[in-house]
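Chemist: PDB, C-alpha atoms, saved as final.pdb, coming up:
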MODEL        1
ATOM      1  CA  PRO A1082     119.163 101.337  16.886
ATOM      2  CA  PRO A1083     117.898  97.949  18.154
ATOM      3  CA  SER A1084     114.822  96.627  16.501
ATOM      4  CA  ALA A1085     111.499  96.054  18.269
ATOM      5  CA  ALA A1086     111.986  92.288  17.992
ATOM      6  CA  SER A1087     115.314  92.378  19.836
ATOM      7  CA  ALA A1088     113.886  94.566  22.636
ATOM      8  CA  GLY A1089     111.923  91.635  23.993
ATOM      9  CA  PRO A1090     108.290  91.369  25.049
ATOM     10  CA  PRO A1091     106.819  94.250  27.037
ATOM     11  CA  ALA A1092     106.751  93.915  30.820
ATOM     12  CA  GLN A1093     103.551  92.487  32.158
ATOM     13  CA  PRO A1094     101.819  94.463  34.917
ATOM     14  CA  SER A1095     102.046  92.839  38.343
ATOM     15  CA  ALA A1096      98.970  91.047  39.480
ATOM     16  CA  ALA A1097      96.905  92.637  42.232
ATOM     17  CA  PRO A1098      97.177  90.913  45.649
ATOM     18  CA  ASP A1099      94.406  88.559  46.564
ATOM     19  CA  PRO A1100      91.855  90.050  48.953
ATOM     20  CA  PRO A1101      92.036  88.675  52.519
ATOM     21  CA  ASP A1102      89.672  85.907  53.431
ATOM     22  CA  GLY A1103      86.853  86.951  55.736
ATOM     23  CA  PRO A1104      86.163  90.341  57.270
ATOM     24  CA  ALA A1105      89.049  92.578  58.294
ATOM     25  CA  GLU A1106      90.041  92.505  61.950
ATOM     26  CA  PRO A1107      88.899  95.590  63.835
ATOM     27  CA  GLY A1108      91.580  97.965  65.097
ATOM     28  CA  PRO A1109      92.145  98.845  68.725
ATOM     29  CA  ARG A1110      89.290 100.724  70.330
ATOM     30  CA  ARG A1111      89.773 104.232  71.604
ATOM     31  CA  GLY A1112      88.754 105.976  74.780
ATOM     32  CA  TRP A1113      87.765 104.141  77.942
ATOM     33  CA  ARG A1114      87.067 100.931  76.049
ATOM     34  CA  GLY A1115      90.627 100.901  74.743
ATOM     35  CA  ILE A1116      91.978 101.442  78.273
ATOM     36  CA  ILE A1117      89.849  98.592  79.614
ATOM     37  CA  ASP A1118      90.987  96.320  76.766
ATOM     38  CA  THR A1119      94.638  97.145  77.542
ATOM     39  CA  ILE A1120      94.171  96.379  81.243
ATOM     40  CA  LEU A1121      92.415  93.091  80.515
ATOM     41  CA  ALA A1122      95.142  92.096  78.052
ATOM     42  CA  ALA A1123      97.835  92.879  80.636
ATOM     43  CA  VAL A1124      96.008  90.814  83.269
ATOM     44  CA  ARG A1125      95.641  87.860  80.905
ATOM     45  CA  ALA A1126      99.324  88.068  79.938
ATOM     46  CA  GLY A1127     100.324  88.200  83.616
ATOM     47  CA  PHE A1128      98.329  85.086  84.470
ATOM     48  CA  ALA A1129      99.725  83.325  81.406
ATOM     49  CA  LEU A1130     103.290  84.061  82.607
ATOM     50  CA  GLY A1131     102.563  82.772  86.118
ATOM     51  CA  ILE A1132     102.676  86.087  87.953
ATOM     52  CA  THR A1133     100.729  84.613  90.868
ATOM     53  CA  ASP A1134     103.409  81.946  91.362
ATOM     54  CA  ILE A1135     106.089  84.638  91.433
ATOM     55  CA  ALA A1136     104.095  86.648  93.979
ATOM     56  CA  ALA A1137     103.644  83.559  96.165
ATOM     57  CA  THR A1138     107.388  82.878  96.086
ATOM     58  CA  LEU A1139     108.171  86.471  97.065
ATOM     59  CA  ALA A1140     105.670  86.287  99.943
ATOM     60  CA  TYR A1141     107.225  83.015 101.144
ATOM     61  CA  TYR A1142     110.740  84.441 101.256
ATOM     62  CA  ALA A1143     109.474  87.659 102.858
ATOM     63  CA  PHE A1144     107.842  85.606 105.609
ATOM     64  CA  LEU A1145     111.094  83.717 106.169
ATOM     65  CA  ALA A1146     112.960  87.011 106.487
ATOM     66  CA  VAL A1147     110.856  88.195 109.452
ATOM     67  CA  PRO A1148     112.465  85.895 112.097
ATOM     68  CA  ALA A1149     115.941  86.642 110.725
ATOM     69  CA  ILE A1150     115.368  90.387 110.956
ATOM     70  CA  ALA A1151     114.031  89.908 114.491
ATOM     71  CA  LEU A1152     117.262  88.095 115.409
ATOM     72  CA  VAL A1153     119.299  90.988 114.045
ATOM     73  CA  ALA A1154     117.229  93.508 116.015
ATOM     74  CA  VAL A1155     117.466  91.559 119.271
ATOM     75  CA  GLY A1156     121.191  90.954 118.835
ATOM     76  CA  ALA A1157     121.874  94.609 118.067
ATOM     77  CA  PHE A1158     119.810  95.588 121.096
ATOM     78  CA  GLY A1159     121.871  93.278 123.274
ATOM     79  CA  VAL A1160     125.131  94.761 122.007
ATOM     80  CA  GLY A1161     124.157  98.416 122.324
ATOM     81  CA  GLY A1162     121.581  98.376 125.120
ATOM     82  CA  GLY A1163     121.568  97.716 128.842
ATOM     83  CA  PRO A1164     119.206  96.551 131.607
ATOM     84  CA  ASP A1165     117.758 100.029 131.991
ATOM     85  CA  THR A1166     117.056 100.164 128.263
ATOM     86  CA  ALA A1167     115.279  96.815 128.479
ATOM     87  CA  GLN A1168     113.057  98.166 131.246
ATOM     88  CA  ASP A1169     112.291 101.264 129.206
ATOM     89  CA  VAL A1170     111.344  99.182 126.152
ATOM     90  CA  GLY A1171     109.116  97.011 128.301
ATOM     91  CA  GLY A1172     107.435 100.129 129.662
ATOM     92  CA  VAL A1173     106.480 101.162 126.112
ATOM     93  CA  PHE A1174     104.241  98.091 125.842
ATOM     94  CA  ASP A1175     102.899  98.483 129.381
ATOM     95  CA  ASP A1176      99.848 100.538 128.397
ATOM     96  CA  GLY A1177      97.089  97.949 128.673
ATOM     97  CA  VAL A1178      97.068  96.971 124.995
ATOM     98  CA  VAL A1179      99.657  94.186 125.288
ATOM     99  CA  PRO A1180      98.884  91.506 127.910
ATOM    100  CA  ASP A1181     100.905  91.675 131.117
ATOM    101  CA  ASP A1182     102.399  88.213 130.578
ATOM    102  CA  ALA A1183     103.675  89.248 127.142
ATOM    103  CA  VAL A1184     105.167  92.462 128.557
ATOM    104  CA  THR A1185     106.924  90.484 131.282
ATOM    105  CA  LEU A1186     108.263  88.018 128.713
ATOM    106  CA  ILE A1187     109.607  90.829 126.496
ATOM    107  CA  ARG A1188     111.234  92.612 129.422
ATOM    108  CA  ASP A1189     112.857  89.460 130.826
ATOM    109  CA  THR A1190     114.086  88.350 127.377
ATOM    110  CA  LEU A1191     115.684  91.698 126.626
ATOM    111  CA  THR A1192     117.253  91.792 130.086
ATOM    112  CA  ARG A1193     118.851  88.385 129.547
ATOM    113  CA  VAL A1194     120.042  89.428 126.080
ATOM    114  CA  THR A1195     121.735  92.567 127.419
ATOM    115  CA  ALA A1196     123.463  90.544 130.134
ATOM    116  CA  SER A1197     125.762  88.856 127.595
ATOM    117  CA  SER A1198     127.076  91.057 124.815
ATOM    118  CA  GLY A1199     129.095  88.199 123.284
ATOM    119  CA  GLN A1200     126.036  86.028 122.738
ATOM    120  CA  SER A1201     124.136  89.045 121.448
ATOM    121  CA  ALA A1202     126.817  89.714 118.842
ATOM    122  CA  GLY A1203     126.692  86.092 117.693
ATOM    123  CA  LEU A1204     122.895  86.257 117.571
ATOM    124  CA  ALA A1205     123.035  89.389 115.447
ATOM    125  CA  LEU A1206     125.587  87.826 113.108
ATOM    126  CA  VAL A1207     123.513  84.665 112.610
ATOM    127  CA  GLY A1208     120.401  86.752 112.033
ATOM    128  CA  LEU A1209     122.229  88.928 109.517
ATOM    129  CA  VAL A1210     123.397  85.888 107.528
ATOM    130  CA  LEU A1211     119.889  84.404 107.522
ATOM    131  CA  ALA A1212     118.360  87.755 106.570
ATOM    132  CA  LEU A1213     120.740  88.175 103.635
ATOM    133  CA  TRP A1214     120.009  84.610 102.520
ATOM    134  CA  THR A1215     116.231  85.030 102.618
ATOM    135  CA  VAL A1216     116.067  88.485 101.027
ATOM    136  CA  SER A1217     118.492  87.436  98.299
ATOM    137  CA  GLY A1218     116.247  84.421  97.683
ATOM    138  CA  ALA A1219     113.280  86.762  97.320
ATOM    139  CA  MET A1220     115.195  88.940  94.869
ATOM    140  CA  GLN A1221     116.272  85.868  92.908
ATOM    141  CA  ALA A1222     112.635  84.815  92.621
ATOM    142  CA  LEU A1223     111.892  88.283  91.274
ATOM    143  CA  MET A1224     114.784  87.962  88.825
ATOM    144  CA  ARG A1225     113.427  84.609  87.575
ATOM    145  CA  GLY A1226     110.042  86.216  87.080
ATOM    146  CA  LEU A1227     111.571  89.094  85.118
ATOM    147  CA  ASN A1228     113.457  86.590  82.945
ATOM    148  CA  ARG A1229     110.206  84.815  82.200
ATOM    149  CA  ILE A1230     108.395  88.046  81.377
ATOM    150  CA  HIS A1231     111.159  89.408  79.118
ATOM    151  CA  GLY A1232     111.908  86.057  77.495
ATOM    152  CA  CYS A1233     115.496  85.950  78.753
ATOM    153  CA  GLU A1234     117.636  82.899  79.408
ATOM    154  CA  GLU A1235     119.593  82.965  82.667
ATOM    155  CA  THR A1236     123.324  82.801  81.957
ATOM    156  CA  ARG A1237     124.756  84.345  85.145
ATOM    157  CA  SER A1238     126.663  82.218  87.625
ATOM    158  CA  TYR A1239     125.304  81.347  91.066
ATOM    159  CA  ALA A1240     127.603  83.783  92.842
ATOM    160  CA  ARG A1241     126.739  86.591  90.448
ATOM    161  CA  ARG A1242     123.013  85.945  90.870
ATOM    162  CA  ARG A1243     123.356  86.104  94.663
ATOM    163  CA  ALA A1244     125.426  89.279  94.495
ATOM    164  CA  THR A1245     122.942  90.888  92.101
ATOM    165  CA  ALA A1246     120.061  89.908  94.381
ATOM    166  CA  VAL A1247     121.749  91.472  97.422
ATOM    167  CA  GLY A1248     122.494  94.612  95.397
ATOM    168  CA  LEU A1249     118.867  94.860  94.265
ATOM    169  CA  PHE A1250     117.668  94.534  97.844
ATOM    170  CA  ALA A1251     120.078  97.236  99.009
ATOM    171  CA  TRP A1252     118.892  99.482  96.173
ATOM    172  CA  VAL A1253     115.220  98.997  97.077
ATOM    173  CA  LEU A1254     115.947  99.437 100.788
ATOM    174  CA  LEU A1255     117.793 102.692 100.099
ATOM    175  CA  ALA A1256     114.871 104.027  98.052
ATOM    176  CA  LEU A1257     112.402 103.118 100.814
ATOM    177  CA  ILE A1258     114.577 104.738 103.485
ATOM    178  CA  VAL A1259     114.930 107.919 101.435
ATOM    179  CA  SER A1260     111.174 108.041 100.766
ATOM    180  CA  PHE A1261     110.296 107.418 104.413
ATOM    181  CA  ALA A1262     112.867 109.953 105.636
ATOM    182  CA  LEU A1263     111.502 112.583 103.264
ATOM    183  CA  LEU A1264     107.945 111.999 104.432
ATOM    184  CA  VAL A1265     108.856 112.058 108.129
ATOM    185  CA  PHE A1266     111.641 114.631 108.308
ATOM    186  CA  GLY A1267     110.933 116.654 105.177
ATOM    187  CA  THR A1268     108.528 119.120 106.789
ATOM    188  CA  PRO A1269     110.778 119.972 109.788
ATOM    189  CA  LEU A1270     113.766 120.338 107.457
ATOM    190  CA  ALA A1271     111.759 122.601 105.145
ATOM    191  CA  GLU A1272     110.711 124.745 108.105
ATOM    192  CA  ALA A1273     114.295 125.021 109.342
ATOM    193  CA  LEU A1274     115.534 125.867 105.849
ATOM    194  CA  GLY A1275     112.809 128.476 105.462
ATOM    195  CA  GLU A1276     113.732 130.108 108.760
ATOM    196  CA  TRP A1277     117.396 130.120 107.770
ATOM    197  CA  LEU A1278     116.666 131.693 104.373
ATOM    198  CA  GLY A1279     114.150 134.114 105.794
ATOM    199  CA  ALA A1280     111.338 132.850 103.553
ATOM    200  CA  PRO A1281     109.418 130.198 105.507
ATOM    201  CA  ASP A1282     106.205 130.584 103.479
ATOM    202  CA  LEU A1283     107.962 130.197 100.129
ATOM    203  CA  VAL A1284     109.997 127.159 101.203
ATOM    204  CA  GLY A1285     106.935 125.579 102.816
ATOM    205  CA  ARG A1286     104.898 125.958  99.640
ATOM    206  CA  LEU A1287     107.716 124.587  97.507
ATOM    207  CA  TRP A1288     108.059 121.541  99.759
ATOM    208  CA  TRP A1289     104.294 121.000  99.786
ATOM    209  CA  ALA A1290     104.282 121.033  95.976
ATOM    210  CA  LEU A1291     107.418 118.918  95.446
ATOM    211  CA  ARG A1292     107.379 116.331  98.215
ATOM    212  CA  TRP A1293     105.200 113.763  96.474
ATOM    213  CA  PRO A1294     106.977 114.100  93.093
ATOM    214  CA  ILE A1295     110.310 113.640  94.908
ATOM    215  CA  VAL A1296     109.066 110.536  96.744
ATOM    216  CA  GLY A1297     107.549 109.183  93.540
ATOM    217  CA  GLY A1298     110.807 109.847  91.709
ATOM    218  CA  ALA A1299     112.771 107.903  94.322
ATOM    219  CA  LEU A1300     110.445 104.918  93.956
ATOM    220  CA  PHE A1301     110.583 105.224  90.168
ATOM    221  CA  VAL A1302     114.394 105.106  90.267
ATOM    222  CA  ALA A1303     114.191 101.972  92.448
ATOM    223  CA  ILE A1304     111.831 100.257  89.989
ATOM    224  CA  ALA A1305     114.011 101.303  87.057
ATOM    225  CA  GLY A1306     117.046  99.754  88.751
ATOM    226  CA  ILE A1307     115.178  96.484  89.278
ATOM    227  CA  LEU A1308     114.060  96.360  85.638
ATOM    228  CA  ARG A1309     117.594  97.211  84.483
ATOM    229  CA  LEU A1310     119.573  94.736  86.594
ATOM    230  CA  GLY A1311     116.999  92.053  87.298
ATOM    231  CA  PRO A1312     116.604  90.207  83.997
ATOM    232  CA  ALA A1313     119.494  88.535  82.217
ATOM    233  CA  LYS A1314     120.921  90.171  79.129
ATOM    234  CA  GLN A1315     120.640  87.247  76.714
ATOM    235  CA  ARG A1316     117.200  86.581  75.307
ATOM    236  CA  ALA A1317     116.021  83.040  74.761
TER     237      ALA A1317
ENDMDL
END
As structure tokens, please, write out the structure in this file.
Modeler:
Amino acid sequence: PPSAASAGPPAQPSAAPDPPDGPAEPGPRRGWRGIIDTILAAVRAGFALGITDIAATLAYYAFLAVPAIALVAVGAFGVGGGPDTAQDVGGVFDDGVVPDDAVTLIRDTLTRVTASSGQSAGLALVGLVLALWTVSGAMQALMRGLNRIHGCEETRSYARRRATAVGLFAWVLLALIVSFALLVFGTPLAEALGEWLGAPDLVGRLWWALRWPIVGGALFVAIAGILRLGPAKQRA
């Protein structure tokens, strides 16, 4: 057997770690104070990342999209409507709320638009191009903001960014249309379905209980799509 001398010196016990300098940092607070601290931290982080600049950019592009959407609406009205339709639309505003001069201007403008379907189609096409350009710009501003928040470096090409922005807008628009359609037409559809099934009370109660979760789910899916496709994949 090996001797004690050849076994070597005994292992020395490891030294205890040095105590931290100063008092220990307090942990996160619980209850309402913890919730308030979390909200304040999120607000400070948002301001540090320039969330107000992103919001201002989105508002700017949204304002630019209003005239383009108006061009699309007027052009589509000129293609599908007629002089009688223009008079009917003018009569909607002729209730004393809108000034008479404005009602006359709206009626005359729509009448002139319906007189030439070719110009109306060109007007709608120009408005559609401008609308796509402005809303894609708004979505691109949102994508830049998401890249900044998630610490991602933009590596997508210009064409891919534009296509992604248009796809995001279509996704959000679809969610809004579905939510609005459910709120407006959900009750009549539930009543018709209840009459068809012979259980109007049961179907009405189910719709009353599920309509807001369904609408909230549609909006949640829209937000999830934005957070999934908006930022770039590569992190800085």
Chemist: Interatomic distance between atom CA of A:Phe1301 and atom CA of A:Gly1267?
Modeler: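 One can read the atom CA of A:Phe1301 to atom CA of A:Gly1267 distance as 18.9 Å.
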Chemist: What does the structure give for the distance between atom CA of A:Met1220 and atom CA of A:Glu1234, in Å to one decimal?
Modeler: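 These two atoms are separated by 16.8 Å.
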Chemist: How far is it from atom CA of A:Ala1303 to atom CA of A:Asn1228, in Å with one decimal?
Modeler: 18.1 Å
Chemist: From (112.1, 122.8, 106.6), in the file's coordinates, out to 12 Å: which residues are reached, counting all atoms listed in the file? Answer as an NGL selection string.
Modeler: :A and (1263-1289 or 1292)
Chemist: When you look at A:Tyr1141 with a cut-off of 12 Å (counting all atoms listed in the file), what residues show up, excluding the ones that are within fewer than 3 positions of it in the same chain? I need them as a list of chain:residue names.
Modeler: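 In the requested format, the answer is A:Asp1134, A:Ile1135, A:Ala1136, A:Ala1137, A:Thr1138, A:Phe1144, A:Leu1145, A:Ala1146, A:Val1147, A:Thr1215, A:Val1216, A:Gly1218, A:Ala1219, A:Met1220, A:Ala1222.
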Chemist: As an mmCIF file with C-alpha atoms, keeping the file's coordinate frame, please: the residues near A:Leu1130 (cut-off 8 Å, only C-alpha atoms, same-chain neighbours under 4 positions excluded).
Modeler:
data_model
loop_
_atom_site.group_PDB
_atom_site.id
_atom_site.type_symbol
_atom_site.label_atom_id
_atom_site.label_comp_id
_atom_site.auth_asym_id
_atom_site.auth_seq_id
_atom_site.Cartn_x
_atom_site.Cartn_y
_atom_site.Cartn_z
ATOM 1 C CA ALA A 1126 99.324 88.068 79.938
ATOM 2 C CA ARG A 1229 110.206 84.815 82.200
ATOM 3 C CA ILE A 1230 108.395 88.046 81.377
#
Chemist: Need the axis-aligned box for stretch 1283-1300 of chain A with 6 Å each side, so what are the centre and edges in Å to one decimal, as AutoDock Vina command-line options?
Modeler:
--center_x 108.5 --center_y 117.6 --center_z 97.3 --size_x 20.5 --size_y 37.3 --size_z 23.1
Chemist: Residues at most 8 Å from stretch 1239-1255 of chain A, counting all atoms listed in the file, excluding those fewer than 3 positions away in the same chain, as a PyMOL selection string?
Modeler: chain A and resi 1213+1216-1218+1220-1221+1224+1258-1259+1303-1304+1306-1307+1310-1311
Chemist: Taking the file as I've supplied it (selection: the PyMOL selection byres ((chain A and resi 1235) around 8)), which residues are included? Please answer as a VMD selection string.
Modeler: chain A and resid 1228 1233 to 1234 1236 to 1237 1312 to 1313 1315
Chemist: I'd like to know which of A:Ala1299, A:Thr1133, A:Leu1291, A:Leu1227 is closest to A:Phe1261, using only C-alpha atoms.
Modeler: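 Under the stated criterion, the closest residue is A:Ala1299.
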Chemist: Since fewer atoms than expected are present, regenerate N, CA and C atoms for stretch 1126-1152 of chain A and write them as an mmCIF file, keeping the file's coordinate frame.
Modeler:
data_model
loop_
_atom_site.group_PDB
_atom_site.id
_atom_site.type_symbol
_atom_site.label_atom_id
_atom_site.label_comp_id
_atom_site.auth_asym_id
_atom_site.auth_seq_id
_atom_site.Cartn_x
_atom_site.Cartn_y
_atom_site.Cartn_z
ATOM 1 N N ALA A 1126 97.917 88.387 80.178
ATOM 2 C CA ALA A 1126 99.324 88.068 79.938
ATOM 3 C C ALA A 1126 100.043 87.752 81.245
ATOM 4 N N GLY A 1127 99.705 88.484 82.318
ATOM 5 C CA GLY A 1127 100.324 88.200 83.616
ATOM 6 C C GLY A 1127 99.978 86.820 84.137
ATOM 7 N N PHE A 1128 98.715 86.431 84.032
ATOM 8 C CA PHE A 1128 98.329 85.086 84.470
ATOM 9 C C PHE A 1128 98.972 84.018 83.599
ATOM 10 N N ALA A 1129 99.095 84.303 82.297
ATOM 11 C CA ALA A 1129 99.725 83.325 81.406
ATOM 12 C C ALA A 1129 101.197 83.121 81.744
ATOM 13 N N LEU A 1130 101.871 84.161 82.247
ATOM 14 C CA LEU A 1130 103.290 84.061 82.607
ATOM 15 C C LEU A 1130 103.497 83.582 84.041
ATOM 16 N N GLY A 1131 102.426 83.289 84.756
ATOM 17 C CA GLY A 1131 102.563 82.772 86.118
ATOM 18 C C GLY A 1131 102.924 83.828 87.138
ATOM 19 N N ILE A 1132 102.331 85.020 87.028
ATOM 20 C CA ILE A 1132 102.676 86.087 87.953
ATOM 21 C C ILE A 1132 102.227 85.778 89.369
ATOM 22 N N THR A 1133 101.172 84.979 89.521
ATOM 23 C CA THR A 1133 100.729 84.613 90.868
ATOM 24 C C THR A 1133 101.744 83.691 91.553
ATOM 25 N N ASP A 1134 102.366 82.806 90.782
ATOM 26 C CA ASP A 1134 103.409 81.946 91.362
ATOM 27 C C ASP A 1134 104.607 82.772 91.827
ATOM 28 N N ILE A 1135 104.977 83.773 91.044
ATOM 29 C CA ILE A 1135 106.089 84.638 91.433
ATOM 30 C C ILE A 1135 105.749 85.406 92.703
ATOM 31 N N ALA A 1136 104.515 85.916 92.790
ATOM 32 C CA ALA A 1136 104.095 86.648 93.979
ATOM 33 C C ALA A 1136 104.084 85.743 95.209
ATOM 34 N N ALA A 1137 103.647 84.494 95.037
ATOM 35 C CA ALA A 1137 103.644 83.559 96.165
ATOM 36 C C ALA A 1137 105.064 83.256 96.638
ATOM 37 N N THR A 1138 105.999 83.125 95.716
ATOM 38 C CA THR A 1138 107.388 82.878 96.086
ATOM 39 C C THR A 1138 107.981 84.062 96.840
ATOM 40 N N LEU A 1139 107.692 85.274 96.375
ATOM 41 C CA LEU A 1139 108.171 86.471 97.065
ATOM 42 C C LEU A 1139 107.586 86.556 98.475
ATOM 43 N N ALA A 1140 106.285 86.244 98.615
ATOM 44 C CA ALA A 1140 105.670 86.287 99.943
ATOM 45 C C ALA A 1140 106.284 85.242 100.868
ATOM 46 N N TYR A 1141 106.606 84.074 100.335
ATOM 47 C CA TYR A 1141 107.225 83.015 101.144
ATOM 48 C C TYR A 1141 108.586 83.457 101.683
ATOM 49 N N TYR A 1142 109.418 83.994 100.809
ATOM 50 C CA TYR A 1142 110.740 84.441 101.256
ATOM 51 C C TYR A 1142 110.637 85.646 102.192
ATOM 52 N N ALA A 1143 109.660 86.525 101.957
ATOM 53 C CA ALA A 1143 109.474 87.659 102.858
ATOM 54 C C ALA A 1143 109.062 87.187 104.243
ATOM 55 N N PHE A 1144 108.229 86.157 104.306
ATOM 56 C CA PHE A 1144 107.842 85.606 105.609
ATOM 57 C C PHE A 1144 109.036 84.968 106.314
ATOM 58 N N LEU A 1145 109.901 84.302 105.558
ATOM 59 C CA LEU A 1145 111.094 83.717 106.169
ATOM 60 C C LEU A 1145 112.063 84.788 106.675
ATOM 61 N N ALA A 1146 112.036 85.956 106.068
ATOM 62 C CA ALA A 1146 112.960 87.011 106.487
ATOM 63 C C ALA A 1146 112.564 87.662 107.797
ATOM 64 N N VAL A 1147 111.307 87.528 108.222
ATOM 65 C CA VAL A 1147 110.856 88.195 109.452
ATOM 66 C C VAL A 1147 111.595 87.673 110.683
ATOM 67 N N PRO A 1148 111.693 86.340 110.925
ATOM 68 C CA PRO A 1148 112.465 85.895 112.097
ATOM 69 C C PRO A 1148 113.934 86.283 112.041
ATOM 70 N N ALA A 1149 114.525 86.267 110.841
ATOM 71 C CA ALA A 1149 115.941 86.642 110.725
ATOM 72 C C ALA A 1149 116.151 88.113 111.082
ATOM 73 N N ILE A 1150 115.256 88.966 110.615
ATOM 74 C CA ILE A 1150 115.368 90.387 110.956
ATOM 75 C C ILE A 1150 115.146 90.599 112.448
ATOM 76 N N ALA A 1151 114.248 89.813 113.044
ATOM 77 C CA ALA A 1151 114.031 89.908 114.491
ATOM 78 C C ALA A 1151 115.292 89.502 115.261
ATOM 79 N N LEU A 1152 116.002 88.478 114.772
ATOM 80 C CA LEU A 1152 117.262 88.095 115.409
ATOM 81 C C LEU A 1152 118.289 89.216 115.329
#
